[in-house]
file structure-v1.csv (CSV, C-alpha atoms)
chain,number,residue,atom,x,y,z
A,1,MET,CA,52.2,13.7,-38.9
A,2,ASP,CA,54.5,14.4,-35.9
A,3,ILE,CA,54.8,11.1,-33.9
A,4,TYR,CA,54.9,13.0,-30.6
A,5,ILE,CA,51.6,14.8,-31.3
A,6,LEU,CA,50.0,11.5,-32.5
A,7,ALA,CA,51.1,9.8,-29.3
A,8,LEU,CA,49.6,12.6,-27.2
A,9,LEU,CA,46.3,12.2,-29.2
A,10,LEU,CA,46.2,8.4,-28.6
A,11,ILE,CA,47.1,8.6,-24.9
A,12,GLY,CA,44.6,11.4,-24.4
A,13,SER,CA,41.9,9.4,-26.2
A,14,LEU,CA,42.7,6.3,-24.0
A,15,LEU,CA,42.4,8.4,-20.8
A,16,LEU,CA,39.1,9.8,-22.1
A,17,LEU,CA,37.7,6.4,-23.0
A,18,VAL,CA,38.6,4.7,-19.7
A,19,THR,CA,37.3,7.6,-17.7
A,20,MET,CA,34.0,7.9,-19.5
A,21,GLY,CA,33.6,4.1,-19.5
A,22,SER,CA,34.8,3.5,-15.9
A,23,GLY,CA,31.3,2.8,-14.8
A,24,TRP,CA,31.0,-0.1,-17.2
A,25,ILE,CA,34.6,-1.3,-16.9
A,26,LYS,CA,34.2,-1.8,-13.1
A,27,ARG,CA,31.3,-4.2,-13.7
A,28,LEU,CA,33.3,-6.3,-16.2
A,29,PRO,CA,35.9,-9.0,-15.5
A,30,LEU,CA,38.5,-6.6,-16.8
A,31,SER,CA,41.1,-4.4,-15.2
A,32,TYR,CA,42.4,-1.0,-16.3
A,33,ALA,CA,45.9,-2.4,-16.5
A,34,LEU,CA,44.8,-5.0,-19.0
A,35,ILE,CA,43.4,-2.3,-21.2
A,36,TYR,CA,46.6,-0.2,-20.9
A,37,LEU,CA,48.6,-3.3,-21.8
A,38,VAL,CA,46.7,-4.0,-25.0
A,39,VAL,CA,47.0,-0.3,-26.0
A,40,GLY,CA,50.8,-0.4,-25.2
A,41,ILE,CA,51.2,-3.4,-27.5
A,42,PHE,CA,49.3,-1.5,-30.2
A,43,LEU,CA,51.7,1.5,-29.7
A,44,GLY,CA,54.8,-0.7,-29.9
A,45,PRO,CA,56.8,-2.2,-32.7
A,46,HIS,CA,54.2,-4.8,-33.5
A,47,GLY,CA,51.5,-2.1,-33.9
A,48,VAL,CA,51.9,1.5,-35.0
A,49,ASP,CA,55.5,1.6,-33.7
A,50,LEU,CA,55.1,4.9,-31.8
A,51,ILE,CA,57.0,3.8,-28.6
A,52,GLN,CA,60.4,2.4,-29.1
A,53,LEU,CA,62.0,1.3,-25.8
A,54,GLN,CA,64.3,-1.5,-24.7
A,55,LEU,CA,64.2,-3.4,-21.4
A,56,ARG,CA,67.8,-2.2,-20.6
A,57,THR,CA,67.2,1.4,-20.0
A,58,GLU,CA,67.6,3.7,-17.0
A,59,PHE,CA,64.4,5.5,-18.0
A,60,LEU,CA,62.3,2.4,-17.3
A,61,GLU,CA,64.0,2.0,-13.9
A,62,ARG,CA,63.3,5.6,-12.9
A,63,VAL,CA,59.7,5.5,-14.1
A,64,THR,CA,58.9,2.3,-12.2
A,65,GLU,CA,60.8,3.6,-9.2
A,66,PHE,CA,58.6,6.7,-9.0
A,67,VAL,CA,55.4,4.8,-9.5
A,68,VAL,CA,56.3,2.3,-6.7
A,69,ILE,CA,57.2,5.0,-4.1
A,70,VAL,CA,53.9,6.9,-4.8
A,71,SER,CA,52.0,3.6,-4.4
A,72,LEU,CA,53.8,2.6,-1.2
A,73,PHE,CA,53.0,6.0,0.4
A,74,SER,CA,49.4,5.5,-0.6
A,75,CYS,CA,49.4,2.1,1.0
A,76,GLY,CA,50.8,3.6,4.2
A,77,LEU,CA,48.0,6.2,4.2
A,78,LYS,CA,45.5,3.4,4.1
A,79,MET,CA,46.8,1.6,7.2
A,80,ASN,CA,44.1,2.0,9.8
A,81,ARG,CA,45.1,-0.2,12.6
A,82,PRO,CA,47.1,0.4,15.8
A,83,LEU,CA,50.8,-0.6,15.7
A,84,ARG,CA,50.3,-3.8,17.7
A,85,LEU,CA,51.5,-7.3,16.5
A,86,ARG,CA,48.0,-8.8,17.0
A,87,ALA,CA,46.4,-6.2,14.8
A,88,TRP,CA,48.9,-6.8,12.0
A,89,ASN,CA,48.8,-10.6,12.2
A,90,SER,CA,47.9,-11.2,8.6
A,91,THR,CA,50.7,-8.9,7.4
A,92,ILE,CA,53.3,-10.5,9.6
A,93,ARG,CA,52.4,-14.0,8.3
A,94,LEU,CA,52.4,-12.9,4.6
A,95,ILE,CA,55.8,-11.1,5.0
A,96,ALA,CA,57.7,-13.3,7.4
A,97,PHE,CA,56.5,-16.7,5.9
A,98,LEU,CA,55.0,-16.3,2.5
A,99,MET,CA,57.6,-14.0,0.9
A,100,PRO,CA,60.6,-16.2,1.9
A,101,ILE,CA,58.6,-19.3,0.8
A,102,SER,CA,58.0,-17.7,-2.6
A,103,ILE,CA,61.7,-16.7,-3.1
A,104,PHE,CA,63.0,-20.1,-2.0
A,105,ALA,CA,60.5,-22.0,-4.2
A,106,ILE,CA,61.2,-19.9,-7.3
A,107,ALA,CA,65.0,-20.2,-6.7
A,108,VAL,CA,64.9,-24.0,-6.3
A,109,ILE,CA,62.7,-24.4,-9.4
A,110,SER,CA,64.8,-22.0,-11.5
A,111,HIS,CA,68.0,-23.8,-10.4
A,112,TRP,CA,66.9,-27.4,-10.9
A,113,LEU,CA,64.5,-27.1,-13.8
A,114,LEU,CA,65.9,-24.1,-15.7
A,115,SER,CA,69.6,-24.8,-14.8
A,116,LEU,CA,70.2,-21.2,-13.6
A,117,ASN,CA,73.1,-20.9,-11.2
A,118,TRP,CA,72.1,-20.2,-7.6
A,119,GLY,CA,72.9,-16.5,-7.7
A,120,ALA,CA,70.7,-16.0,-10.7
A,121,ALA,CA,68.0,-18.3,-9.3
A,122,VAL,CA,67.8,-16.3,-6.0
A,123,LEU,CA,67.8,-13.0,-7.9
A,124,LEU,CA,64.8,-14.2,-10.0
A,125,GLY,CA,63.0,-15.3,-6.9
A,126,ALA,CA,63.6,-11.9,-5.3
A,127,ILE,CA,62.4,-10.1,-8.4
A,128,LEU,CA,59.2,-12.1,-8.7
A,129,ALA,CA,58.4,-12.6,-5.0
A,130,PRO,CA,56.9,-9.1,-4.1
A,131,THR,CA,53.3,-8.5,-4.9
A,132,ASP,CA,52.4,-5.3,-6.5
A,133,PRO,CA,50.7,-2.3,-4.7
A,134,VAL,CA,50.1,-0.5,-8.0
A,135,LEU,CA,48.0,-3.0,-10.0
A,136,ALA,CA,46.2,-4.6,-7.0
A,137,SER,CA,44.0,-1.6,-6.2
A,138,GLU,CA,40.8,-3.6,-6.9
A,139,VAL,CA,41.7,-5.9,-3.9
A,140,GLN,CA,43.2,-3.3,-1.6
A,141,LEU,CA,41.5,-1.3,1.2
A,142,ALA,CA,38.8,0.8,-0.5
A,143,HIS,CA,38.9,3.7,2.0
A,144,ILE,CA,40.4,4.8,5.3
A,145,GLY,CA,37.5,3.2,7.3
A,146,ASP,CA,37.7,-0.2,5.5
A,147,ARG,CA,38.3,-2.9,8.2
A,148,ASP,CA,38.2,-6.0,5.9
A,149,GLU,CA,41.0,-8.5,6.8
A,150,LEU,CA,41.6,-9.7,3.3
A,151,ARG,CA,42.0,-6.1,1.9
A,152,PHE,CA,44.1,-5.0,4.8
A,153,GLY,CA,46.4,-8.0,4.5
A,154,LEU,CA,46.9,-7.5,0.8
A,155,THR,CA,47.4,-3.8,1.1
A,156,SER,CA,49.9,-4.0,3.9
A,157,GLU,CA,51.7,-6.9,2.2
A,158,GLY,CA,52.0,-5.0,-1.0
A,159,GLY,CA,53.4,-2.0,0.9
A,160,LEU,CA,56.0,-3.9,2.8
A,161,ASN,CA,57.2,-6.7,0.6
A,162,ASP,CA,58.1,-4.3,-2.3
A,163,ALA,CA,60.6,-2.8,0.2
A,164,LEU,CA,61.7,-6.0,2.1
A,165,ALA,CA,62.5,-7.9,-1.1
A,166,PHE,CA,65.5,-5.6,-1.6
A,167,PRO,CA,67.9,-7.5,0.7
A,168,PHE,CA,67.2,-10.7,-1.3
A,169,VAL,CA,67.8,-8.8,-4.6
A,170,TYR,CA,71.2,-7.7,-3.2
A,171,PHE,CA,71.8,-11.3,-2.0
A,172,GLY,CA,71.2,-12.6,-5.5
A,173,ILE,CA,73.4,-9.9,-7.1
A,174,TYR,CA,76.3,-10.6,-4.7
A,175,TRP,CA,76.0,-14.3,-5.3
A,176,LEU,CA,75.9,-13.8,-9.0
A,177,GLU,CA,79.1,-11.7,-8.9
A,178,ASN,CA,81.0,-13.9,-6.4
A,179,ASP,CA,80.4,-17.5,-5.3
A,180,ASN,CA,82.6,-17.1,-2.3
A,181,TRP,CA,80.2,-16.2,0.5
A,182,GLN,CA,82.9,-15.2,2.9
A,183,VAL,CA,83.8,-12.2,0.9
A,184,TRP,CA,80.4,-10.5,1.0
A,185,LEU,CA,78.0,-12.3,3.5
A,186,LYS,CA,79.0,-10.2,6.5
A,187,GLN,CA,78.6,-6.9,4.5
A,188,TRP,CA,75.2,-8.1,3.3
A,189,ILE,CA,74.0,-8.9,6.9
A,190,VAL,CA,75.3,-5.7,8.5
A,191,VAL,CA,74.7,-3.2,5.7
A,192,ASP,CA,72.0,-4.5,3.4
A,193,LEU,CA,69.9,-6.3,5.9
A,194,ILE,CA,70.2,-4.7,9.4
A,195,TRP,CA,71.3,-1.1,8.6
A,196,ALA,CA,69.2,-0.5,5.4
A,197,ILE,CA,66.0,-1.8,7.1
A,198,ALA,CA,66.6,0.2,10.3
A,199,ALA,CA,67.5,3.3,8.4
A,200,GLY,CA,64.4,3.0,6.3
A,201,ILE,CA,62.1,2.7,9.3
A,202,ALA,CA,63.8,5.5,11.2
A,203,MET,CA,63.9,7.9,8.3
A,204,GLY,CA,60.2,7.2,7.5
A,205,ILE,CA,59.2,8.0,11.1
A,206,LEU,CA,61.5,11.1,11.3
A,207,VAL,CA,60.3,12.7,8.1
A,208,GLY,CA,56.7,11.7,8.3
A,209,LYS,CA,56.3,12.9,11.9
A,210,GLY,CA,58.6,15.9,11.4
A,211,VAL,CA,56.8,17.4,8.4
A,212,MET,CA,53.4,16.8,9.9
A,213,LYS,CA,54.4,18.5,13.2
A,214,ILE,CA,55.8,21.5,11.3
A,215,GLN,CA,52.6,21.7,9.2
A,216,GLN,CA,50.4,21.6,12.3
A,217,GLN,CA,52.4,24.4,14.0
A,218,LEU,CA,52.2,26.6,10.9
A,219,GLN,CA,48.5,26.0,10.7
A,220,LYS,CA,48.2,28.0,13.9
A,221,PHE,CA,49.6,31.1,12.3
A,222,ARG,CA,48.5,30.9,8.7
A,223,PRO,CA,46.7,27.9,6.9
A,224,ILE,CA,48.3,26.3,3.9
A,225,ASP,CA,46.7,27.3,0.6
A,226,VAL,CA,43.9,24.8,-0.2
A,227,LEU,CA,45.1,24.3,-3.8
A,228,MET,CA,48.6,23.5,-2.7
A,229,GLU,CA,47.8,21.4,0.3
A,230,ASP,CA,47.7,18.1,-1.6
A,231,PHE,CA,51.3,18.6,-2.6
A,232,LEU,CA,52.3,18.0,1.0
A,233,GLY,CA,52.1,14.3,0.5
A,234,LEU,CA,54.2,14.4,-2.6
A,235,SER,CA,56.9,16.5,-0.9
A,236,ILE,CA,57.0,13.9,2.0
A,237,ILE,CA,57.4,11.1,-0.6
A,238,LEU,CA,60.3,12.8,-2.4
A,239,ILE,CA,62.1,14.0,0.7
A,240,THR,CA,61.8,10.7,2.6
A,241,TYR,CA,62.9,8.6,-0.4
A,242,ALA,CA,65.9,10.9,-1.2
A,243,LEU,CA,67.2,11.2,2.4
A,244,THR,CA,66.9,7.5,3.0
A,245,GLU,CA,68.8,6.6,-0.2
A,246,LEU,CA,71.5,9.1,0.7
A,247,ILE,CA,72.2,7.2,3.9
A,248,ASN,CA,72.0,3.8,2.1
A,249,GLY,CA,68.6,2.9,3.6
A,250,TYR,CA,65.7,1.3,1.9
A,251,GLY,CA,63.7,4.2,0.5
A,252,PHE,CA,60.7,2.0,-0.4
A,253,LEU,CA,60.3,1.0,3.2
A,254,ALA,CA,60.8,4.6,4.4
A,255,VAL,CA,58.1,5.9,2.2
A,256,PHE,CA,55.6,3.3,3.4
A,257,VAL,CA,56.4,4.1,7.0
A,258,ALA,CA,56.1,7.9,6.3
A,259,GLY,CA,52.7,7.3,4.9
A,260,LEU,CA,51.8,5.4,8.0
A,261,MET,CA,53.0,8.2,10.2
A,262,VAL,CA,51.1,10.8,8.3
A,263,GLN,CA,47.9,8.7,8.6
A,264,ARG,CA,48.4,8.4,12.4
A,265,ILE,CA,49.3,12.0,13.1
A,266,SER,CA,46.8,13.8,10.9
A,267,HIS,CA,43.6,14.5,12.9
A,268,ASN,CA,41.7,16.2,10.1
A,269,HIS,CA,39.6,13.5,8.5
A,270,ASN,CA,38.8,15.5,5.4
A,271,ARG,CA,42.5,16.4,4.9
A,272,ARG,CA,43.5,12.7,5.2
A,273,ILE,CA,40.9,11.7,2.6
A,274,SER,CA,42.1,14.5,0.3
A,275,GLN,CA,45.7,13.5,0.6
A,276,LEU,CA,44.9,9.9,-0.2
A,277,GLU,CA,42.7,10.8,-3.2
A,278,PHE,CA,45.5,13.0,-4.6
A,279,THR,CA,48.1,10.3,-4.2
A,280,GLU,CA,45.8,7.6,-5.7
A,281,GLN,CA,45.1,9.9,-8.7
A,282,LEU,CA,48.8,10.4,-9.2
A,283,GLU,CA,49.4,6.6,-8.9
A,284,LYS,CA,46.7,5.9,-11.4
A,285,LEU,CA,48.2,8.4,-13.9
A,286,MET,CA,51.6,6.8,-13.6
A,287,GLU,CA,50.1,3.3,-13.9
A,288,VAL,CA,48.8,4.3,-17.3
A,289,GLY,CA,52.3,5.2,-18.5
A,290,THR,CA,54.1,2.3,-17.0
A,291,ILE,CA,51.8,-0.4,-18.4
A,292,LEU,CA,51.8,1.3,-21.8
A,293,LEU,CA,55.6,1.0,-21.7
A,294,LEU,CA,55.4,-2.6,-20.7
A,295,GLY,CA,53.1,-3.4,-23.6
A,296,SER,CA,55.3,-1.6,-26.0
A,297,LEU,CA,58.4,-3.5,-24.8
A,298,LEU,CA,56.9,-6.9,-25.8
A,299,ARG,CA,58.6,-8.6,-28.8
A,300,ILE,CA,57.4,-11.8,-30.5
A,301,GLU,CA,60.9,-13.3,-31.0
A,302,PRO,CA,62.0,-13.3,-27.3
A,303,ILE,CA,58.5,-14.3,-26.2
A,304,ILE,CA,58.8,-17.4,-28.4
A,305,GLU,CA,62.4,-18.1,-27.2
A,306,PHE,CA,61.7,-17.7,-23.5
A,307,GLY,CA,58.0,-18.3,-23.4
A,308,GLY,CA,58.3,-21.9,-22.2
A,309,GLU,CA,60.5,-21.1,-19.3
A,310,ALA,CA,58.3,-18.1,-18.4
A,311,LEU,CA,55.1,-20.2,-18.5
A,312,LEU,CA,56.7,-22.7,-16.2
A,313,ILE,CA,57.7,-20.1,-13.6
A,314,ALA,CA,54.5,-18.1,-13.9
A,315,GLY,CA,52.2,-21.1,-13.8
A,316,LEU,CA,53.9,-22.6,-10.7
A,317,LEU,CA,54.1,-19.2,-9.0
A,318,ILE,CA,50.5,-18.2,-9.7
A,319,PHE,CA,48.7,-21.5,-9.3
A,320,VAL,CA,51.0,-23.5,-6.9
A,321,ILE,CA,53.6,-21.5,-5.0
A,322,ARG,CA,51.6,-18.5,-4.0
A,323,PRO,CA,48.3,-20.4,-3.1
A,324,LEU,CA,50.1,-23.2,-1.2
A,325,GLY,CA,52.5,-20.7,0.5
A,326,ALA,CA,49.6,-18.5,1.6
A,327,TRP,CA,47.6,-21.5,2.9
A,328,ILE,CA,50.6,-22.6,5.0
A,329,SER,CA,51.3,-19.0,6.2
A,330,THR,CA,47.8,-18.4,7.3
A,331,THR,CA,47.2,-21.7,9.0
A,332,ASN,CA,44.7,-21.2,11.9
A,333,LEU,CA,46.6,-21.8,15.1
A,334,GLY,CA,44.7,-23.9,17.6
A,335,PHE,CA,46.0,-21.9,20.6
A,336,ALA,CA,45.1,-18.5,19.1
A,337,LYS,CA,42.4,-16.7,21.0
A,338,SER,CA,42.1,-13.5,19.0
A,339,PRO,CA,39.7,-13.6,16.0
A,340,ARG,CA,42.3,-11.9,13.9
A,341,SER,CA,44.6,-14.9,14.5
A,342,ARG,CA,42.1,-17.1,12.7
A,343,PHE,CA,41.2,-16.7,9.1
A,344,HIS,CA,38.1,-17.6,7.2
A,345,PRO,CA,38.8,-20.2,4.4
A,346,ALA,CA,37.6,-17.7,1.7
A,347,THR,CA,40.2,-15.2,3.1
A,348,ARG,CA,43.0,-17.8,3.0
A,349,TRP,CA,42.3,-18.9,-0.5
A,350,LEU,CA,42.1,-15.3,-1.8
A,351,PHE,CA,45.3,-14.4,0.0
A,352,GLY,CA,46.8,-17.1,-2.1
A,353,TRP,CA,45.2,-16.1,-5.4
A,354,PHE,CA,45.8,-12.3,-5.3
A,355,GLY,CA,49.5,-12.3,-5.5
A,356,VAL,CA,49.6,-9.8,-8.4
A,357,ARG,CA,53.0,-9.2,-10.0
A,358,GLY,CA,53.7,-5.9,-11.7
A,359,VAL,CA,55.5,-2.6,-11.5
A,360,GLY,CA,57.6,-3.6,-8.4
A,361,SER,CA,59.0,-6.6,-10.2
A,362,LEU,CA,59.8,-4.5,-13.3
A,363,TYR,CA,61.7,-2.0,-11.1
A,364,TYR,CA,63.8,-4.8,-9.5
A,365,LEU,CA,64.4,-6.2,-12.9
A,366,SER,CA,65.6,-2.9,-14.4
A,367,TYR,CA,67.7,-2.3,-11.2
A,368,ALA,CA,69.4,-5.7,-11.6
A,369,LEU,CA,70.0,-5.1,-15.3
A,370,GLY,CA,71.8,-1.9,-14.4
A,371,LYS,CA,74.1,-3.9,-12.0
A,372,SER,CA,75.7,-7.2,-12.8
A,373,LEU,CA,72.9,-8.9,-14.7
A,374,GLU,CA,73.8,-8.8,-18.3
A,375,GLY,CA,74.3,-10.8,-21.5
A,376,GLU,CA,72.2,-13.9,-22.3
A,377,LEU,CA,71.4,-14.5,-18.7
A,378,GLY,CA,70.2,-10.9,-18.3
A,379,ALA,CA,67.9,-11.3,-21.3
A,380,ARG,CA,66.6,-14.7,-20.1
A,381,ILE,CA,65.7,-13.3,-16.6
A,382,ALA,CA,64.3,-10.1,-18.1
A,383,TRP,CA,61.9,-12.0,-20.4
A,384,ILE,CA,60.8,-14.5,-17.8
A,385,THR,CA,60.0,-11.6,-15.5
A,386,SER,CA,58.2,-9.5,-18.2
A,387,ILE,CA,56.1,-12.4,-19.4
A,388,THR,CA,55.2,-13.4,-15.9
A,389,VAL,CA,54.1,-9.9,-15.1
A,390,VAL,CA,52.0,-9.8,-18.3
A,391,LEU,CA,50.4,-13.1,-17.5
A,392,SER,CA,49.6,-11.9,-14.0
A,393,ILE,CA,48.0,-8.8,-15.3
A,394,ILE,CA,45.8,-10.8,-17.6
A,395,ILE,CA,44.9,-13.6,-15.2
A,396,HIS,CA,44.4,-11.4,-12.1
A,397,GLY,CA,42.8,-8.6,-14.1
A,398,ILE,CA,40.1,-11.0,-15.4
A,399,SER,CA,39.5,-12.7,-12.1
A,400,ALA,CA,39.6,-9.8,-9.6
A,401,THR,CA,36.1,-8.4,-10.1
A,402,PRO,CA,34.1,-11.7,-10.0
A,403,LEU,CA,36.1,-13.1,-7.1
A,404,MET,CA,35.8,-10.0,-5.0
A,405,LYS,CA,32.1,-9.9,-5.7
A,406,TRP,CA,31.9,-13.5,-4.6
A,407,TYR,CA,34.0,-12.7,-1.5
A,408,GLU,CA,31.7,-9.8,-0.5
A,409,LYS,CA,28.7,-12.1,-0.6
A,410,THR,CA,30.3,-14.5,1.9
A,411,ASP,CA,29.9,-14.1,5.6
A,412,GLN,CA,33.5,-13.0,6.0
A,413,GLY,CA,33.2,-10.4,3.2
A,414,ARG,CA,30.1,-8.9,4.7
A,415,SER,CA,31.5,-8.8,8.3
call {"tool": "encode", "arguments": {"input": "structure-v1.csv", "output": "structure tokens"}}
result
Amino acid sequence: MDIYILALLLIGSLLLLVTMGSGWIKRLPLSYALIYLVVGIFLGPHGVDLIQLQLRTEFLERVTEFVVIVSLFSCGLKMNRPLRLRAWNSTIRLIAFLMPISIFAIAVISHWLLSLNWGAAVLLGAILAPTDPVLASEVQLAHIGDRDELRFGLTSEGGLNDALAFPFVYFGIYWLENDNWQVWLKQWIVVDLIWAIAAGIAMGILVGKGVMKIQQQLQKFRPIDVLMEDFLGLSIILITYALTELINGYGFLAVFVAGLMVQRISHNHNRRISQLEFTEQLEKLMEVGTILLLGSLLRIEPIIEFGGEALLIAGLLIFVIRPLGAWISTTNLGFAKSPRSRFHPATRWLFGWFGVRGVGSLYYLSYALGKSLEGELGARIAWITSITVVLSIIIHGISATPLMKWYEKTDQGRS
């Protein structure tokens, strides 16, 4: 039998089963990503061997890249608060404090306990620090009108830290290539930190606003075909990302900002919902393929070889670094008068628990493997990252449903 046809049959059957059984799956302590992962392992070399892929491949980088930009745009569309510092209090704390804490902690542990050089240690921290906007849909904003602080914080964090981890990835790569800071530090600050972030924000605003203004003007003369209207969002994603990358800005950040601009400018409520639903459906479809690929990549030999180091990093990250860092970052300030500056204990604990690692980390890993990360060190970091992502999918996938049900029963969850 043709392997390609058999693969289509199996993937089609998987989509049919999860769709038909979605009503039951949502009630179980089980995520869709966990199901896709198991099926991916079955389709890989240790199963029926239908998918044969290596970690060092440009294909994996491009697939994960596309999934992330679609997801980041979706996160931007969900942002339903005014652009004021007080309204984004939880986001600022999670980005400005928690992400650097995570990178620093992982780097220190990797250097002192795993004997990685500082460049590789910082790179591993930057790869694993961002939370994932793709796999965390169960704990993100459920709809445009959702005002829950926990869901808003996790959604906005996933949308921003996947973009803002890039400067630290570059920092680790530069350090890995050259221990002499004086050679590259100035370039990193000017180009990779200041310019790339500013360009990403500016291009996101420019394209997001520009396309929506043009669309609103055209609507006065002849409405867009209803069947084609949902592709407006996809076109904004691709144009924004491509233009930003052409000027050496951060395309991830630009796409999130563009989604935020579209959400703010669009006055048609039904159209906003339609765009969000289309983007989420595209994101879910790409999630299936990405997690299937991850499952098919897993190999017994490297898991045994690097499993101990991966368990150390994953265990400390999931159970110590993220929860402790989130608790520190969301400390209730005694002088804060705004209710949004003070967090319910349940919210603070769940901020710490739901640091899902996933497709974003896989993208940064594949990106680094295409640069200077190679050889035994490359394999080591690749498998530590992959195993950590798999463990996160399993642990957070099992715990998301019961914990969110418990949260919704608390006073904070009902408010």
call {"tool": "closest_residue", "arguments": {"input": "structure-v1.csv", "among": "A:Leu128, A:Ile194, A:Leu298, A:Leu391", "to": "Ile321 (chain A)", "atoms": "all atoms listed in the file"}}
result
A:Leu128
call {"tool": "residues_around", "arguments": {"input": "structure-v1.csv", "residues": "region 392-396 of chain A", "least_positions_apart": "4", "cutoff": "10 Å", "atoms": "all atoms listed in the file", "output": "compact mmCIF listing (two decimals) with C-alpha atoms, in the coordinates of the input"}}
result
# COMPACT_ATOMS: atom_id res chain seq x y z
CA PRO A 29 35.90 -9.00 -15.50
CA LEU A 30 38.50 -6.60 -16.80
CA SER A 31 41.10 -4.40 -15.20
CA TYR A 32 42.40 -1.00 -16.30
CA ALA A 33 45.90 -2.40 -16.50
CA LEU A 34 44.80 -5.00 -19.00
CA ILE A 35 43.40 -2.30 -21.20
CA LEU A 37 48.60 -3.30 -21.80
CA LEU A 135 48.00 -3.00 -10.00
CA ALA A 136 46.20 -4.60 -7.00
CA ILE A 291 51.80 -0.40 -18.40
CA ALA A 314 54.50 -18.10 -13.90
CA GLY A 315 52.20 -21.10 -13.80
CA LEU A 317 54.10 -19.20 -9.00
CA ILE A 318 50.50 -18.20 -9.70
CA TRP A 353 45.20 -16.10 -5.40
CA PHE A 354 45.80 -12.30 -5.30
CA GLY A 355 49.50 -12.30 -5.50
CA VAL A 356 49.60 -9.80 -8.40
CA ARG A 357 53.00 -9.20 -10.00
CA GLY A 358 53.70 -5.90 -11.70
CA SER A 386 58.20 -9.50 -18.20
CA ILE A 387 56.10 -12.40 -19.40
CA THR A 388 55.20 -13.40 -15.90
CA ALA A 400 39.60 -9.80 -9.60
CA THR A 401 36.10 -8.40 -10.10
CA LEU A 403 36.10 -13.10 -7.10
call {"tool": "atom_distance", "arguments": {"input": "structure-v1.csv", "atom1": "CA of Gly295 (chain A)", "atom2": "CA of Lys26 (chain A)"}}
result
21.7 Å
call {"tool": "closest_atom_pairs", "arguments": {"input": "structure-v1.csv", "of": "region 140-181 of chain A", "to": "region 365-379 of chain A", "cutoff": "9 Å", "atoms": "only C-alpha atoms", "output": "CSV"}}
result
residue,atom,partner,partner_atom,distance
A:Val169,CA,A:Ala368,CA,7.8
A:Tyr170,CA,A:Ala368,CA,8.8
A:Ile173,CA,A:Ser372,CA,6.7
A:Tyr174,CA,A:Ser372,CA,8.8
A:Leu176,CA,A:Ser372,CA,7.6
A:Glu177,CA,A:Ser372,CA,6.9
call {"tool": "residues_around", "arguments": {"input": "structure-v1.csv", "residues": "Ile303 (chain A)", "least_positions_apart": "2", "cutoff": "12 Å", "atoms": "only C-alpha atoms", "output": "NGL selection string"}}
result
:A and (297-301 or 305-311 or 379-380 or 382-388 or 390-391)
call {"tool": "atom_distance", "arguments": {"input": "structure-v1.csv", "atom1": "CA of Thr244 (chain A)", "atom2": "CA of Ile224 (chain A)"}}
result
26.5 Å
call {"tool": "atom_distance", "arguments": {"input": "structure-v1.csv", "atom1": "CA of Thr331 (chain A)", "atom2": "CA of Lys78 (chain A)"}}
result
25.6 Å
call {"tool": "residues_near_point", "arguments": {"input": "structure-v1.csv", "point": "(51.0, -19.7, 7.8)", "cutoff": "8 Å", "atoms": "all atoms listed in the file", "output": "list in words"}}
result
Arg93, Leu94, Phe97, Leu98, Gly325, Ala326, Trp327, Ile328, Ser329, Thr330, Thr331 and Asn332 of chain A
call {"tool": "closest_residue", "arguments": {"input": "structure-v1.csv", "among": "A:Ser274, A:Ser156, A:Thr290, A:Ser110", "to": "Tyr363 (chain A)", "atoms": "all atoms listed in the file"}}
result
A:Thr290
call {"tool": "closest_residue", "arguments": {"input": "structure-v1.csv", "among": "A:Met261, A:Ser399, A:Cys75, A:Gln217", "to": "Leu141 (chain A)", "atoms": "all atoms listed in the file"}}
result
A:Cys75
call {"tool": "closest_atom_pairs", "arguments": {"input": "structure-v1.csv", "of": "region 16-105 of chain A", "to": "region 225-240 of chain A", "cutoff": "8 Å", "atoms": "only C-alpha atoms", "output": "Markdown table"}}
result
| residue | atom | partner | partner_atom | distance |
| --- | --- | --- | --- | --- |
| A:Ile69 | CA | A:Ile237 | CA | 7.0 |
| A:Val70 | CA | A:Ile237 | CA | 6.9 |
| A:Phe73 | CA | A:Ile237 | CA | 6.8 |
call {"tool": "residues_around", "arguments": {"input": "structure-v1.csv", "residues": "Ile197 (chain A)", "least_positions_apart": "4", "cutoff": "8 Å", "atoms": "only C-alpha atoms", "output": "list in words"}}
result
Leu164, Asp192, Leu193, Ile201, Gly249, Tyr250 and Leu253 of chain A
call {"tool": "closest_residue", "arguments": {"input": "structure-v1.csv", "among": "A:Trp118, A:Phe351, A:Tyr36, A:Trp184", "to": "Leu14 (chain A)", "atoms": "only C-alpha atoms"}}
result
A:Tyr36
call {"tool": "closest_residue", "arguments": {"input": "structure-v1.csv", "among": "A:Met404, A:Leu43, A:Met286, A:Val122", "to": "Val63 (chain A)", "atoms": "all atoms listed in the file"}}
result
A:Met286
call {"tool": "closest_residue", "arguments": {"input": "structure-v1.csv", "among": "A:Phe252, A:Pro302, A:Met212, A:Pro323", "to": "Arg264 (chain A)", "atoms": "all atoms listed in the file"}}
result
A:Met212
call {"tool": "residues_around", "arguments": {"input": "structure-v1.csv", "residues": "Thr155 (chain A)", "least_positions_apart": "2", "cutoff": "10 Å", "atoms": "only C-alpha atoms", "output": "number ranges by chain"}}
result
A: 72, 74-76, 78-79, 91, 131-133, 136-137, 139-142, 149-153, 157-160
